[in-house]
>>> print(open('protein_22.cif').read())   # mmCIF, C-alpha atoms
data_entry
loop_
_atom_site.label_atom_id
_atom_site.label_comp_id
_atom_site.auth_asym_id
_atom_site.auth_seq_id
_atom_site.Cartn_x
_atom_site.Cartn_y
_atom_site.Cartn_z
CA MET A 112 35.50 23.82 -17.11
CA PRO A 113 33.72 21.06 -15.16
CA LYS A 114 31.41 23.67 -13.62
CA ASN A 115 30.08 24.72 -17.04
CA LYS A 116 29.50 21.09 -17.97
CA ASN A 117 27.41 20.53 -14.80
CA LYS A 118 25.29 23.61 -15.56
CA GLN A 119 24.55 22.29 -19.04
CA GLN A 120 23.54 18.90 -17.65
CA ASN A 121 21.16 20.52 -15.12
CA LYS A 122 19.43 22.50 -17.88
CA SER A 123 18.88 19.35 -19.96
CA GLN A 124 17.20 17.46 -17.10
CA PRO A 125 13.38 17.52 -17.35
CA ASN A 126 11.29 19.32 -14.77
CA LYS A 127 9.57 16.94 -12.38
CA LYS A 128 6.27 17.43 -10.57
CA ARG A 129 3.88 15.32 -8.50
CA PHE A 130 0.15 15.16 -9.13
CA SER A 131 -2.28 13.68 -6.58
CA VAL A 132 -5.68 12.32 -7.51
CA GLU A 133 -7.95 14.67 -5.59
CA GLU A 134 -11.00 13.57 -3.59
CA GLY A 135 -13.90 12.97 -5.97
CA GLU A 136 -11.58 13.06 -9.03
CA THR A 137 -11.08 10.08 -11.32
CA ILE A 138 -7.65 8.88 -12.39
CA SER A 139 -8.53 9.81 -15.98
CA ALA A 140 -9.38 13.35 -14.91
CA CYS A 141 -6.05 13.63 -13.06
CA LEU A 142 -4.16 12.39 -16.13
CA GLU A 143 -5.99 14.94 -18.29
CA ARG A 144 -5.10 17.70 -15.80
CA MET A 145 -1.45 16.62 -16.05
CA LYS A 146 -1.60 16.73 -19.85
CA GLN A 147 -3.17 20.22 -19.76
CA ALA A 148 -0.28 21.37 -17.54
CA GLY A 149 2.25 19.95 -20.04
CA TYR A 150 3.36 16.88 -18.06
CA GLN A 151 3.35 13.13 -18.69
CA PRO A 152 3.31 10.43 -15.99
CA ILE A 153 6.39 8.33 -15.39
CA ARG A 154 5.43 6.56 -12.15
CA ARG A 155 2.30 5.80 -10.13
CA ILE A 156 2.45 5.58 -6.34
CA GLU A 157 -0.35 4.21 -4.16
CA LYS A 158 -0.30 4.87 -0.43
CA PRO A 159 -2.86 3.26 1.89
CA ILE A 160 -4.62 5.46 4.42
CA PHE A 161 -5.33 3.73 7.72
CA GLN A 162 -7.80 4.44 10.51
CA GLU A 163 -7.36 3.28 14.07
CA ASN A 164 -10.38 1.71 15.80
CA GLN A 165 -11.09 -0.60 18.75
CA ALA A 166 -10.27 -3.72 16.74
CA GLY A 167 -6.92 -2.29 15.58
CA VAL A 168 -5.83 -0.47 12.46
CA GLU A 169 -7.63 -0.96 9.15
CA PRO A 170 -7.18 0.55 5.70
CA VAL A 171 -9.97 2.97 4.77
CA SER A 172 -8.78 4.36 1.43
CA GLN A 173 -5.69 5.02 -0.67
CA GLU A 174 -3.90 8.04 -2.02
CA ILE A 175 -2.76 7.87 -5.65
CA ILE A 176 0.16 10.06 -6.71
CA PHE A 177 1.76 10.37 -10.14
CA ASP A 178 5.37 11.46 -10.66
CA ALA A 179 5.49 13.37 -13.93
CA ILE A 180 8.00 15.04 -16.19
CA LYS A 181 7.60 18.06 -18.42
CA ILE A 182 6.68 17.13 -22.00
CA LYS A 183 9.43 18.24 -24.37
CA SER A 184 8.10 20.62 -27.01
CA GLU A 185 8.83 19.87 -30.64
CA HIS A 186 9.42 23.56 -31.47
#
>>> encode(input="protein_22.cif", output="structure tokens")
Amino acid sequence: MPKNKNKQQNKSQPNKKRFSVEEGETISACLERMKQAGYQPIRRIEKPIFQENQAGVEPVSQEIIFDAIKIKSEH
């Protein structure tokens, strides 16, 4: 019986997906793309991108990633 219970719990968990803000794309455009795909953001992650030069290492940009879950349909 515990095995059936675990299967039911796995089905009720929402699908998760990650969306990255692409080069030349705004955050708003990424959020709209997520909405079109049927997902809503639950967490925002920012990762710095570094470049090594003669003076050392310096940040040159950042990567923005959204963790998202599938929007539950009302039907």
>>> resolve_selection(input="protein_22.cif", expression="the PyMOL selection byres ((chain A and resi 152) around 10)", output="VMD selection string")
chain A and resid 127 to 130 142 145 to 146 150 to 151 153 to 155 176 to 182
>>> resolve_selection(input="protein_22.cif", expression="the PyMOL selection byres ((chain A and resi 173) around 9)", output="MDAnalysis selection string")
chainID A and resid 157:161 170:172 174:175
>>> atom_distance(input="protein_22.cif", atom1="CA of Thr137 in chain A", atom2="CA of Glu163 in chain A")
26.5 Å
>>> resolve_selection(input="protein_22.cif", expression="the PyMOL selection byres ((chain A and resi 132) around 6)", output="short mmCIF file (atom, residue, chain, number, x, y, z; two decimals) with C-alpha atoms, in the coordinates of the input")
data_model
loop_
_atom_site.label_atom_id
_atom_site.label_comp_id
_atom_site.auth_asym_id
_atom_site.auth_seq_id
_atom_site.Cartn_x
_atom_site.Cartn_y
_atom_site.Cartn_z
CA SER A 131 -2.28 13.68 -6.58
CA GLU A 133 -7.95 14.67 -5.59
CA CYS A 141 -6.05 13.63 -13.06
CA ILE A 175 -2.76 7.87 -5.65
#
>>> atom_distance(input="protein_22.cif", atom1="CA of Ile156 in chain A", atom2="CA of Lys183 in chain A")
23.1 Å
>>> atom_distance(input="protein_22.cif", atom1="CA of Asn164 in chain A", atom2="CA of Glu136 in chain A")
27.3 Å
